[in-house]
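Okay, so here's the structure we're looking at.
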Amino acid sequence: MAVAAEERLHVERKKPRPLSTNSAIAHAVKDLDVDVVAAYPITPQTTVVEKIAEFIADGELEAEMVHVESEHSALSATVAAALTGARAFTATASQGLELMHEILHIASGLRTPIVMSVAMRALSAPISIWNDHSDVMNARDSGWIIFFVSSAQEAYDTVIQGYRIAEDSDVLLPVMVAYDGYVMSHTMEPVVTEDRDSVLAYAPKRPFPYKLDPEKPVTLGALADPDWYYEIKYQIVEAMRRALDKAREADEEFGKRFGRKYGLVECYMCEGAKSLIVAASSYAATLKAVLPRAWEEGLKVGLLRLRLYRPFPEDLIVDALSNVDSVLVIDRAISYGAPYQGPLANEFSGLILKHGLGVNLVSVVAGIGQRRMVDDDFLKLAKLAWEARTVRKPETIFYGVRK
Amino acid sequence: MRIDIRWHGRGGQGAVTASEIVAAAAILEGRYALAFPEFGAERRGAPVRAYTRISDTPLVPRTPITNPHIVVVLDPSLLTRETIEGLREGGALIVNTRLSPGEVAKVVGLDREARVAVVDAVEIAMETLGVPIVNTAILGALIRATGIVGLETTLKLVRERFKGRLGEANVEAVRRAYESTHIETILPPQTA
Amino acid sequence: MSSEGSLPAYYEIPPGGAIPEPGSSLKYKTGSWRVLRPVINQDKCVRCRLCWVYCPDAAILELDEEYVTSKGRRYKITYKVNYDYCKGCGVCARECPVNAIEMVPEPIGGEE
């Protein structure tokens, strides 16, 4: 089913350069010829916009950098810029994303085609600058298209794919490209960047169709009374549905032009697997390196890497689950007081029920506040997944917590 | 084929920069590599760890390194048993110190075979840079002892990272360390 | 309010509820909200324009119509109320410095 990540097609291989994920994203913004960037610094995102500011100062990118006093304003300015027809970008993390929360819904409600990168980080209190997925998980029902990426290369590529999807007149939804803070944001690794002409040929600027223009006045964000509000929100439901095909098409076309494609989900070592682990971002990358060891020990455990999270690529995931006896879902956020305390686990539980799949679900919460996880820990999770084929484990496992 | 390097230093000594230069050199030489610090609220002088992973394929874990092939110690005060924790049999230990390889092995309680390389990176840094920032000097020792990346690729990157006169001073630090590194293969002590 | 049938389906509404037609609020006649209607006494009115300034709905019209008062004073302009949009808030009557505007009950069963 799903395609191996970074599958090389018939495209000449370009020479990679060493970049962090944060730098790679700044390069994508430059190569996309973004017109407006409004941002507020927050660890571990800051070097994204610092690098963009450098590109602007050095004349490599002609864009307006709006210095704002908060993330609430950062996203407000980004939304407003996009509604005038500009290609606009912002970046944030953690508390910054929380402060944007109100505007998240406004961005999707107004159908603003913007892209935002999120260097995922835990939420206060207590203060943590380290990585988990609490910030993005809190934003999952805000009407944004959400990607989780697992390498700096994928981050670069997905920001570019993001504009192609967001600006599509059948979609017109904001896109979030999320990746693990520090573990990816500050890791240097090889990245191939593309020239601006090729990037713009793939993702030509398609401004918001009802843009704010004094020559042709429009009203955006008007009051919608109970006779109108429901339909306008339902439009997002339909746009999300269409976004699934558009995201698939954007990835396929990206692969044709640049030789790299990822699929909407990735099933790794799924051939012959009897159990799956669901993971996103850096954990998925680590599992790809660690799972061969599990197979050596006779544990036929595959990886289901969640790349597109909203819209949920349901059919692909159901396909993957149809061939296994158990699935272990790693959540890096806590849904306090929920039936499963991992938000993803709850969604998988619903999916299993909806499709009548005979799959035992294990909910594991791990890596909260970047609690240390080494290779052996991932092997232990593979064992847990394997055991769950025959033994039900109904309660969420809080892996690594001192009890 | 994968080589894992763990760097031990103190905030301000440049362990993170050194870990990145080695990864960047490997990338320019056509291999896959990751460089990442053990992230903390960094403070000057606090112990820091950084990691470099060099591989033939992109299938590389993004976890802290627990079983390094190579351990690099930028500050002799960090030489403890903990420093060599998980160091693989037949691995390498690169240390900024005035001690001999045999003395280093005793201090850390080396109980397995390893190549131990020592260099007085502080003296070299003081003479070339005028400050005790030892990260570029230790690169010379690492390359000499392991050949993990090319010297010329590394010098090119050092020139890019440190512009102008500072670049040349750092290049000199790498070269001098490369020439003055002392390497011995230490065998595990015979147990009675 | 009514719903269903007469109102557009979700796909007939521009994305996000954008309103591409400028000035479409003119279609929304708010005059039916009125309980009291302002009536301007053209003889007392001194053409100070304060009602025009204060009206929150721009429902005071300044017309190029000549008017001669009963005492023979000639004005080149006349103020009239646009009853299609006047909500009857009474701000004009309250602010009028010469009490030339009177708020009178709307006839039962609608206008006229």
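If you're wondering about the labels, chains in the structure tokens are A, B, ... by order shown, residues count from 1 in each chain, ligands from 1 in order shown.
Within 12 Å of chain A, and using only C-alpha atoms, the residues found on chain C are Met1, Ser2, Ser3, Glu4, Gly5, Ser6, Leu7, Pro8, Ala9, Tyr10, Tyr11, Glu12, Ile13, Pro14, Pro15, Gly16, Gly17, Ala18, Ile19, Pro20, Glu21, Pro22, Gly23, Ser24 and Ser25 of chain C.
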Dump of C-alpha atoms for the selected residues, as an mmCIF file, in the first residue's frame:
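Listing of result.cif after writing:
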data_model
loop_
_atom_site.group_PDB
_atom_site.id
_atom_site.type_symbol
_atom_site.label_atom_id
_atom_site.label_comp_id
_atom_site.auth_asym_id
_atom_site.auth_seq_id
_atom_site.Cartn_x
_atom_site.Cartn_y
_atom_site.Cartn_z
ATOM 1 C CA MET C 1 -36.372 33.642 10.880
ATOM 2 C CA SER C 2 -37.257 31.191 8.180
ATOM 3 C CA SER C 3 -34.867 28.493 7.078
ATOM 4 C CA GLU C 4 -34.569 25.607 4.609
ATOM 5 C CA GLY C 5 -35.687 25.786 1.024
ATOM 6 C CA SER C 6 -35.218 29.493 0.455
ATOM 7 C CA LEU C 7 -31.639 29.679 1.797
ATOM 8 C CA PRO C 8 -28.628 28.393 -0.165
ATOM 9 C CA ALA C 9 -26.979 25.011 0.503
ATOM 10 C CA TYR C 10 -23.434 24.981 1.877
ATOM 11 C CA TYR C 11 -21.871 24.638 -1.599
ATOM 12 C CA GLU C 12 -23.798 27.634 -2.905
ATOM 13 C CA ILE C 13 -22.205 29.920 -0.324
ATOM 14 C CA PRO C 14 -18.739 31.362 -1.141
ATOM 15 C CA PRO C 15 -15.974 29.713 0.934
ATOM 16 C CA GLY C 16 -15.835 30.920 4.510
ATOM 17 C CA GLY C 17 -19.001 32.956 3.994
ATOM 18 C CA ALA C 18 -17.175 35.603 1.966
ATOM 19 C CA ILE C 19 -19.542 38.278 0.672
ATOM 20 C CA PRO C 20 -18.213 39.296 -2.729
ATOM 21 C CA GLU C 21 -20.948 41.843 -3.473
ATOM 22 C CA PRO C 22 -20.070 45.280 -2.087
ATOM 23 C CA GLY C 23 -22.771 47.194 -0.251
ATOM 24 C CA SER C 24 -25.097 44.229 -0.014
ATOM 25 C CA SER C 25 -26.188 45.359 3.439
#
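Residues of range 119-191 of chain A that DSSP places in helix (DSSP H, G or I), based on the backbone of this structure, are Ser134, Asp135, Val136, Met137, Ala152, Gln153, Glu154, Ala155, Tyr156, Asp157, Thr158, Val159, Ile160, Gln161, Gly162, Tyr163, Arg164, Ile165 and Ala166 of chain A.
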Kindly provide the residues of chain B that approach chain A to within 6 Å, each paired with its closest atom pair and their distance in Å to one decimal, based on only C-alpha atoms, listed by chain and increasing number, as a Markdown table.
| residue | atom | partner | partner_atom | distance |
| --- | --- | --- | --- | --- |
| B:Ala24 | CA | A:Pro18 | CA | 5.3 |
| B:Ala33 | CA | A:Glu189 | CA | 5.6 |
| B:Leu34 | CA | A:Glu189 | CA | 4.8 |
| B:Ala35 | CA | A:Met188 | CA | 5.1 |
| B:Phe36 | CA | A:Thr187 | CA | 4.6 |
| B:Leu59 | CA | A:Ala289 | CA | 5.0 |
| B:Val60 | CA | A:Ala289 | CA | 5.3 |
| B:Pro61 | CA | A:Thr286 | CA | 3.8 |
| B:Arg62 | CA | A:Thr286 | CA | 5.4 |
| B:Thr63 | CA | A:Val374 | CA | 5.4 |
Next item on the list: Just the residues within 10 Å of Gly167 in chain B, please, counting only C-alpha atoms, with nothing from its chain fewer than 4 positions along; format it as an MDAnalysis selection string.
Entry: chainID B and resid 129 155:163 171:173
Next item on the list: For Leu36 in chain C, please output as a PyMOL selection string all residues within 6 Å (counting only C-alpha atoms; exclusion window: fewer than 2 positions along the same chain).
Entry: chain C and resi 34+88+103-106
Include C-alpha atoms and write out the residues we just selected as a compact mmCIF listing (two decimals), in the first residue's frame.
# COMPACT_ATOMS: atom_id res chain seq x y z
CA ARG C 34 -38.80 50.67 14.60
CA GLY C 88 -35.95 54.37 15.57
CA MET C 103 -40.39 60.47 18.17
CA VAL C 104 -43.90 59.30 17.39
CA PRO C 105 -45.35 55.78 17.70
CA GLU C 106 -45.37 53.66 14.56
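As for CA of Val199 in chain A and CA of Glu62 in chain A, they are spaced 15.9 Å apart.
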Margin query: With DSSP run on the backbone, what are the strand (DSSP E or B) residues within range 8-77 of chain C? I'd like them as a list in words.
Written below: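 Matching residues for strand (DSSP E or B) in range 8-77 of chain C are Ile19, Leu36, Arg37, Pro38, Val39, Ile40, Ile60, Leu61, Glu62, Leu63, Tyr67, Val68, Arg74 and Tyr75 of chain C.
For the pair CA of Thr78 in chain A and CA of Val177 in chain A, the interatomic distance is 15.6 Å.
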